[in-house]
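Before any comments, here is the structure.
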Amino acid sequence: MDTVTADLPAQDISVHDWQIPQNLVLADPLFNKSQQIDMVLGAKHFHSFFPSTARLRMADNLPILVDSVFGWVVTGSATTTHPAQLQSSNPSIVAVSMLTLEESMERFWKTEELTVNNNYSIEERYCEDCYQSTTTRDESGRYIVRLPRKPDFDAMLGESKNCALRCFSQLERRLDRDETLKKEYHKFIKEYLSLGHMRLVEPDDRNYSHTFYLPHHPVLKEDSTTTKIRVVFNGSARTSTGFSLNEALCVGPVVQDDLLSIVLRFLTYPVAVVGDIEKMYRQTLHHPDDLALLRILFRFSKDVPVQTYELLTVTYGLAPSSFLATRTLQ
């Protein structure tokens with residue numbers, strides 16, 4: 001918080017006639033000056049601050065001095081004007097607004113509450129509502145999710161096949177120059193097909209009002225012990241309208257724990273159990289009505305025409321994929 005509480009004291013207090021012993025070390029030498037509060041200490045520590053019972057009283061109308069581990073603490077009430085001056089001065093009324101103090105204390109107590117983070121933007125709340133209202137499961141229990149589309153999705157998404165075809169031609173020439181890369185790339189695509197994560201689109205199954213063709217390219221990870229090559233699908237490629245599929249979709253909120261919470265939980269117990277979900281994104285299916293937006297162009301040989309495939313599972317490279325996969329995990 002910007003401020004823990006209101007400044008204390010509320011205004012400066014004159015102490016020129018207070019008989020404070022010179023040999024005392026004060027915990028706060030400027031206790032009479034109105035200043036910000038630096039921190040609030042828990043009540044469970046209070047008694048440890050005062051190991052002795054030493055007290056000094058200066059006068060009946062003045063605070064008392066209490067010995068503490070920090071030095072002598074000045075505590076109690078005091079007037080801001082010397083009593084002798086009251087007879088010769090005009091009376092005045094000072095109105096002190098406690099609004100700042102109340103707001104600060106309210107924020108302070110709210111930090112102590114355990115609440116669910118619902119500070120979503122309008123778009124993030126829309127994504128969450130869309131997920132809850134449209135997500136289903138098939139007979140095997142696998143989750144089926146919908147792509148969260150922006151309200152002007154239809155106007156934003158244009159033609160994309162020509163761009164995807166040019167990108168594939170460039171990819172094909174690259175693969176022809178590197179036989180090892182070509183072998184690994186074909187292996188990756190074949191695995192996609194064998195696992196049922198992708199399907200071939202038949203010629204009579206191409207009539208959709210909106211389609212999107214994802215350009216794709218390889219990413220090499222030489223230090224990986226499992227997959228040396230990964231195919232990345234580019235949902236940020238622009239269509240004929242100047243917008244990409246990612247720009248026409250909602251990203252969704254971050255629903256996983258922040259890194260600090262994970263590290264603190266990791267340090268809580270003597271033994272930590274970790275696990276890995278194999279192909280986590282691809283464990284979740286896309287709804288059939290969204291598959292036309294997840295098309296790629298590919299062929300294993302130049303002897304056959306370029307074929308169209310549809311990705312059936314949540315895919316790397318799309319704006320809402322992280323939200324869809326993690327929300328499904330939850």
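By convention here, the chains of the structure tokens are called A, B, ... in the order presented, each chain's residues are numbered starting at 1, and ligands are numbered starting at 1 in the order presented.
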Excluding range 155-164 of chain A and its own-chain neighbours fewer than 5 positions away, which residues fall within 12 Å of it when counting only C-alpha atoms? Please give them as a PDB file with N, CA, C and O atoms, in the first residue's frame.
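Listing of result-v6.pdb after writing:
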```pdb
ATOM      1  N   ARG A 149     -13.839 -16.220 -29.658  1.00  0.00           N
ATOM      2  CA  ARG A 149     -13.760 -15.255 -30.750  1.00  0.00           C
ATOM      3  C   ARG A 149     -14.170 -13.861 -30.279  1.00  0.00           C
ATOM      4  O   ARG A 149     -15.083 -13.714 -29.473  1.00  0.00           O
ATOM      5  N   LYS A 150     -13.500 -12.855 -30.818  1.00  0.00           N
ATOM      6  CA  LYS A 150     -13.872 -11.481 -30.523  1.00  0.00           C
ATOM      7  C   LYS A 150     -15.182 -11.139 -31.232  1.00  0.00           C
ATOM      8  O   LYS A 150     -15.541 -11.779 -32.221  1.00  0.00           O
ATOM      9  N   SER A 169       5.867 -23.399 -49.521  1.00  0.00           N
ATOM     10  CA  SER A 169       6.844 -23.548 -50.601  1.00  0.00           C
ATOM     11  C   SER A 169       8.251 -23.230 -50.109  1.00  0.00           C
ATOM     12  O   SER A 169       9.220 -23.930 -50.446  1.00  0.00           O
ATOM     13  N   GLN A 170       8.375 -22.189 -49.286  1.00  0.00           N
ATOM     14  CA  GLN A 170       9.667 -21.856 -48.699  1.00  0.00           C
ATOM     15  C   GLN A 170      10.146 -22.964 -47.770  1.00  0.00           C
ATOM     16  O   GLN A 170      11.329 -23.336 -47.761  1.00  0.00           O
ATOM     17  N   LEU A 171       9.215 -23.516 -46.971  1.00  0.00           N
ATOM     18  CA  LEU A 171       9.565 -24.613 -46.071  1.00  0.00           C
ATOM     19  C   LEU A 171      10.024 -25.837 -46.856  1.00  0.00           C
ATOM     20  O   LEU A 171      11.020 -26.487 -46.484  1.00  0.00           O
ATOM     21  N   SER A 209     -17.601 -20.883 -44.034  1.00  0.00           N
ATOM     22  CA  SER A 209     -17.641 -19.437 -44.241  1.00  0.00           C
ATOM     23  C   SER A 209     -16.325 -18.789 -43.829  1.00  0.00           C
ATOM     24  O   SER A 209     -15.908 -17.783 -44.416  1.00  0.00           O
ATOM     25  N   HIS A 210     -15.682 -19.355 -42.828  1.00  0.00           N
ATOM     26  CA  HIS A 210     -14.408 -18.812 -42.370  1.00  0.00           C
ATOM     27  C   HIS A 210     -13.395 -19.933 -42.210  1.00  0.00           C
ATOM     28  O   HIS A 210     -13.665 -20.938 -41.552  1.00  0.00           O
ATOM     29  N   THR A 211     -12.255 -19.754 -42.834  1.00  0.00           N
ATOM     30  CA  THR A 211     -11.162 -20.715 -42.696  1.00  0.00           C
ATOM     31  C   THR A 211      -9.882 -19.949 -42.414  1.00  0.00           C
ATOM     32  O   THR A 211      -9.772 -18.749 -42.726  1.00  0.00           O
ATOM     33  N   PHE A 212      -8.944 -20.630 -41.813  1.00  0.00           N
ATOM     34  CA  PHE A 212      -7.625 -20.039 -41.608  1.00  0.00           C
ATOM     35  C   PHE A 212      -6.582 -21.125 -41.804  1.00  0.00           C
ATOM     36  O   PHE A 212      -6.688 -22.214 -41.231  1.00  0.00           O
ATOM     37  N   TYR A 213      -5.590 -20.808 -42.618  1.00  0.00           N
ATOM     38  CA  TYR A 213      -4.509 -21.738 -42.899  1.00  0.00           C
ATOM     39  C   TYR A 213      -3.259 -21.277 -42.139  1.00  0.00           C
ATOM     40  O   TYR A 213      -2.772 -20.166 -42.344  1.00  0.00           O
ATOM     41  N   LEU A 214      -2.799 -22.136 -41.252  1.00  0.00           N
ATOM     42  CA  LEU A 214      -1.665 -21.811 -40.395  1.00  0.00           C
ATOM     43  C   LEU A 214      -0.345 -22.109 -41.094  1.00  0.00           C
ATOM     44  O   LEU A 214      -0.063 -23.273 -41.404  1.00  0.00           O
ATOM     45  N   PRO A 215       0.492 -21.107 -41.333  1.00  0.00           N
ATOM     46  CA  PRO A 215       1.856 -21.416 -41.768  1.00  0.00           C
ATOM     47  C   PRO A 215       2.581 -22.157 -40.640  1.00  0.00           C
ATOM     48  O   PRO A 215       2.262 -21.978 -39.465  1.00  0.00           O
ATOM     49  N   HIS A 216       3.559 -22.965 -40.983  1.00  0.00           N
ATOM     50  CA  HIS A 216       4.283 -23.724 -39.955  1.00  0.00           C
ATOM     51  C   HIS A 216       5.748 -23.837 -40.333  1.00  0.00           C
ATOM     52  O   HIS A 216       6.123 -23.760 -41.512  1.00  0.00           O
ATOM     53  N   HIS A 217       6.576 -24.006 -39.325  1.00  0.00           N
ATOM     54  CA  HIS A 217       8.018 -24.103 -39.537  1.00  0.00           C
ATOM     55  C   HIS A 217       8.628 -24.879 -38.370  1.00  0.00           C
ATOM     56  O   HIS A 217       8.014 -25.010 -37.305  1.00  0.00           O
ATOM     57  N   PHE A 233       3.181 -23.659 -35.245  1.00  0.00           N
ATOM     58  CA  PHE A 233       2.131 -23.157 -36.130  1.00  0.00           C
ATOM     59  C   PHE A 233       1.930 -21.670 -35.855  1.00  0.00           C
ATOM     60  O   PHE A 233       1.776 -21.253 -34.709  1.00  0.00           O
ATOM     61  N   ASN A 234       1.916 -20.891 -36.920  1.00  0.00           N
ATOM     62  CA  ASN A 234       1.931 -19.430 -36.801  1.00  0.00           C
ATOM     63  C   ASN A 234       0.523 -18.854 -36.918  1.00  0.00           C
ATOM     64  O   ASN A 234       0.029 -18.600 -38.019  1.00  0.00           O
ATOM     65  N   GLY A 235      -0.097 -18.626 -35.773  1.00  0.00           N
ATOM     66  CA  GLY A 235      -1.426 -18.016 -35.772  1.00  0.00           C
ATOM     67  C   GLY A 235      -1.390 -16.514 -35.922  1.00  0.00           C
ATOM     68  O   GLY A 235      -2.443 -15.867 -35.975  1.00  0.00           O
ATOM     69  N   SER A 236      -0.182 -15.937 -35.987  1.00  0.00           N
ATOM     70  CA  SER A 236      -0.054 -14.481 -36.122  1.00  0.00           C
ATOM     71  C   SER A 236       0.149 -14.034 -37.562  1.00  0.00           C
ATOM     72  O   SER A 236       0.370 -12.847 -37.815  1.00  0.00           O
ATOM     73  N   ALA A 237       0.099 -14.972 -38.505  1.00  0.00           N
ATOM     74  CA  ALA A 237       0.226 -14.608 -39.924  1.00  0.00           C
ATOM     75  C   ALA A 237      -0.994 -13.789 -40.349  1.00  0.00           C
ATOM     76  O   ALA A 237      -2.133 -14.144 -40.045  1.00  0.00           O
ATOM     77  N   ARG A 238      -0.752 -12.692 -41.062  1.00  0.00           N
ATOM     78  CA  ARG A 238      -1.832 -11.788 -41.461  1.00  0.00           C
ATOM     79  C   ARG A 238      -2.655 -12.356 -42.621  1.00  0.00           C
ATOM     80  O   ARG A 238      -2.119 -13.021 -43.496  1.00  0.00           O
ATOM     81  N   THR A 239      -3.925 -12.053 -42.583  1.00  0.00           N
ATOM     82  CA  THR A 239      -4.821 -12.439 -43.668  1.00  0.00           C
ATOM     83  C   THR A 239      -4.998 -11.253 -44.622  1.00  0.00           C
ATOM     84  O   THR A 239      -4.360 -10.208 -44.458  1.00  0.00           O
ATOM     85  N   SER A 240      -5.867 -11.391 -45.594  1.00  0.00           N
ATOM     86  CA  SER A 240      -6.058 -10.336 -46.594  1.00  0.00           C
ATOM     87  C   SER A 240      -6.632  -9.060 -46.001  1.00  0.00           C
ATOM     88  O   SER A 240      -6.529  -7.983 -46.598  1.00  0.00           O
ATOM     89  N   THR A 241      -7.237  -9.120 -44.821  1.00  0.00           N
ATOM     90  CA  THR A 241      -7.786  -7.924 -44.173  1.00  0.00           C
ATOM     91  C   THR A 241      -6.742  -7.184 -43.357  1.00  0.00           C
ATOM     92  O   THR A 241      -7.015  -6.094 -42.832  1.00  0.00           O
ATOM     93  N   GLY A 242      -5.553  -7.777 -43.206  1.00  0.00           N
ATOM     94  CA  GLY A 242      -4.517  -7.164 -42.375  1.00  0.00           C
ATOM     95  C   GLY A 242      -4.512  -7.659 -40.954  1.00  0.00           C
ATOM     96  O   GLY A 242      -3.642  -7.286 -40.158  1.00  0.00           O
ATOM     97  N   PHE A 243      -5.491  -8.509 -40.612  1.00  0.00           N
ATOM     98  CA  PHE A 243      -5.567  -9.069 -39.263  1.00  0.00           C
ATOM     99  C   PHE A 243      -5.225 -10.560 -39.307  1.00  0.00           C
ATOM    100  O   PHE A 243      -5.496 -11.251 -40.290  1.00  0.00           O
ATOM    101  N   SER A 244      -4.671 -11.046 -38.214  1.00  0.00           N
ATOM    102  CA  SER A 244      -4.352 -12.465 -38.097  1.00  0.00           C
ATOM    103  C   SER A 244      -5.427 -13.168 -37.283  1.00  0.00           C
ATOM    104  O   SER A 244      -6.302 -12.533 -36.679  1.00  0.00           O
ATOM    105  N   LEU A 245      -5.344 -14.490 -37.251  1.00  0.00           N
ATOM    106  CA  LEU A 245      -6.280 -15.261 -36.433  1.00  0.00           C
ATOM    107  C   LEU A 245      -6.108 -14.915 -34.960  1.00  0.00           C
ATOM    108  O   LEU A 245      -7.092 -14.778 -34.227  1.00  0.00           O
ATOM    109  N   ASN A 246      -4.866 -14.763 -34.523  1.00  0.00           N
ATOM    110  CA  ASN A 246      -4.623 -14.429 -33.122  1.00  0.00           C
ATOM    111  C   ASN A 246      -5.237 -13.093 -32.732  1.00  0.00           C
ATOM    112  O   ASN A 246      -5.709 -12.916 -31.604  1.00  0.00           O
ATOM    113  N   GLU A 247      -5.225 -12.139 -33.652  1.00  0.00           N
ATOM    114  CA  GLU A 247      -5.815 -10.842 -33.361  1.00  0.00           C
ATOM    115  C   GLU A 247      -7.335 -10.905 -33.310  1.00  0.00           C
ATOM    116  O   GLU A 247      -7.972 -10.051 -32.692  1.00  0.00           O
ATOM    117  N   ALA A 248      -7.917 -11.905 -33.947  1.00  0.00           N
ATOM    118  CA  ALA A 248      -9.373 -12.056 -33.953  1.00  0.00           C
ATOM    119  C   ALA A 248      -9.863 -12.927 -32.808  1.00  0.00           C
ATOM    120  O   ALA A 248     -11.067 -13.083 -32.628  1.00  0.00           O
ATOM    121  N   LEU A 249      -8.924 -13.506 -32.043  1.00  0.00           N
ATOM    122  CA  LEU A 249      -9.275 -14.348 -30.902  1.00  0.00           C
ATOM    123  C   LEU A 249      -8.911 -13.650 -29.602  1.00  0.00           C
ATOM    124  O   LEU A 249      -8.022 -12.805 -29.565  1.00  0.00           O
ATOM    125  N   ALA A 292     -12.053 -25.622 -39.019  1.00  0.00           N
ATOM    126  CA  ALA A 292     -11.734 -24.940 -40.277  1.00  0.00           C
ATOM    127  C   ALA A 292     -10.755 -23.787 -40.063  1.00  0.00           C
ATOM    128  O   ALA A 292     -10.145 -23.302 -41.016  1.00  0.00           O
ATOM    129  N   LEU A 293     -10.615 -23.349 -38.811  1.00  0.00           N
ATOM    130  CA  LEU A 293      -9.666 -22.284 -38.494  1.00  0.00           C
ATOM    131  C   LEU A 293      -8.282 -22.828 -38.173  1.00  0.00           C
ATOM    132  O   LEU A 293      -7.364 -22.049 -37.892  1.00  0.00           O
ATOM    133  N   LEU A 294      -8.141 -24.134 -38.199  1.00  0.00           N
ATOM    134  CA  LEU A 294      -6.891 -24.780 -37.785  1.00  0.00           C
ATOM    135  C   LEU A 294      -6.351 -25.660 -38.906  1.00  0.00           C
ATOM    136  O   LEU A 294      -5.971 -26.810 -38.689  1.00  0.00           O
ATOM    137  N   ARG A 295      -6.304 -25.115 -40.098  1.00  0.00           N
ATOM    138  CA  ARG A 295      -5.864 -25.893 -41.252  1.00  0.00           C
ATOM    139  C   ARG A 295      -4.400 -25.613 -41.578  1.00  0.00           C
ATOM    140  O   ARG A 295      -3.899 -24.498 -41.358  1.00  0.00           O
ATOM    141  N   ILE A 296      -3.730 -26.628 -42.067  1.00  0.00           N
ATOM    142  CA  ILE A 296      -2.363 -26.471 -42.559  1.00  0.00           C
ATOM    143  C   ILE A 296      -2.248 -27.130 -43.928  1.00  0.00           C
ATOM    144  O   ILE A 296      -3.086 -27.972 -44.308  1.00  0.00           O
ATOM    145  N   LEU A 297      -1.248 -26.731 -44.658  1.00  0.00           N
ATOM    146  CA  LEU A 297      -0.950 -27.311 -45.963  1.00  0.00           C
ATOM    147  C   LEU A 297       0.324 -28.135 -45.851  1.00  0.00           C
ATOM    148  O   LEU A 297       1.320 -27.693 -45.280  1.00  0.00           O
ATOM    149  N   PHE A 298       0.280 -29.360 -46.420  1.00  0.00           N
ATOM    150  CA  PHE A 298       1.469 -30.212 -46.331  1.00  0.00           C
ATOM    151  C   PHE A 298       1.364 -31.334 -47.364  1.00  0.00           C
ATOM    152  O   PHE A 298       0.272 -31.699 -47.815  1.00  0.00           O
ATOM    153  N   VAL A 306      -0.408 -30.598 -53.027  1.00  0.00           N
ATOM    154  CA  VAL A 306      -0.416 -30.135 -51.632  1.00  0.00           C
ATOM    155  C   VAL A 306      -1.780 -30.436 -51.026  1.00  0.00           C
ATOM    156  O   VAL A 306      -2.813 -30.126 -51.624  1.00  0.00           O
ATOM    157  N   GLN A 307      -1.760 -31.063 -49.854  1.00  0.00           N
ATOM    158  CA  GLN A 307      -3.006 -31.478 -49.210  1.00  0.00           C
ATOM    159  C   GLN A 307      -3.340 -30.589 -48.016  1.00  0.00           C
ATOM    160  O   GLN A 307      -2.470 -29.955 -47.429  1.00  0.00           O
ATOM    161  N   THR A 308      -4.610 -30.575 -47.678  1.00  0.00           N
ATOM    162  CA  THR A 308      -5.089 -29.768 -46.557  1.00  0.00           C
ATOM    163  C   THR A 308      -5.390 -30.675 -45.371  1.00  0.00           C
ATOM    164  O   THR A 308      -6.058 -31.702 -45.502  1.00  0.00           O
TER     165      THR A 308
END
```
* Exercise: Phe50 in chain A partners within 12 Å, only C-alpha atoms, chain neighbours under 6 positions left out, as an MDAnalysis selection string -> chainID A and resid 65:73
Write a file of the selected residues as a compact mmCIF listing (two decimals), in the first residue's frame, keeping N, CA, C and O atoms.
```
# COMPACT_ATOMS: atom_id res chain seq x y z
N LEU A 65 6.89 7.94 29.47
CA LEU A 65 8.01 7.32 28.77
C LEU A 65 8.11 5.87 29.20
O LEU A 65 8.09 5.56 30.40
N VAL A 66 8.18 4.96 28.23
CA VAL A 66 8.22 3.53 28.50
C VAL A 66 9.49 2.95 27.89
O VAL A 66 9.81 3.21 26.71
N ASP A 67 10.23 2.18 28.68
CA ASP A 67 11.47 1.57 28.20
C ASP A 67 11.14 0.40 27.27
O ASP A 67 10.27 -0.42 27.55
N SER A 68 11.84 0.33 26.13
CA SER A 68 11.61 -0.75 25.16
C SER A 68 12.94 -1.19 24.57
O SER A 68 13.98 -0.56 24.80
N VAL A 69 12.92 -2.25 23.78
CA VAL A 69 14.13 -2.74 23.13
C VAL A 69 14.63 -1.76 22.06
O VAL A 69 15.77 -1.85 21.62
N PHE A 70 13.77 -0.83 21.64
CA PHE A 70 14.16 0.14 20.63
C PHE A 70 14.68 1.43 21.25
O PHE A 70 15.19 2.29 20.55
N GLY A 71 14.52 1.57 22.55
CA GLY A 71 14.79 2.82 23.25
C GLY A 71 13.53 3.24 23.98
O GLY A 71 12.54 2.49 24.04
N TRP A 72 13.54 4.45 24.56
CA TRP A 72 12.36 4.90 25.30
C TRP A 72 11.28 5.40 24.33
O TRP A 72 11.54 6.20 23.45
N VAL A 73 10.09 4.86 24.56
CA VAL A 73 8.95 5.17 23.71
C VAL A 73 8.06 6.19 24.41
O VAL A 73 7.76 6.04 25.61
```
* Which is closest to Cys127 in chain A among A:Ser52, A:Ser321, A:Ser34, A:Thr180, if we use only C-alpha atoms? ->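 Residue with the minimum atom-to-atom distance to Cys127 in chain A: A:Ser321.
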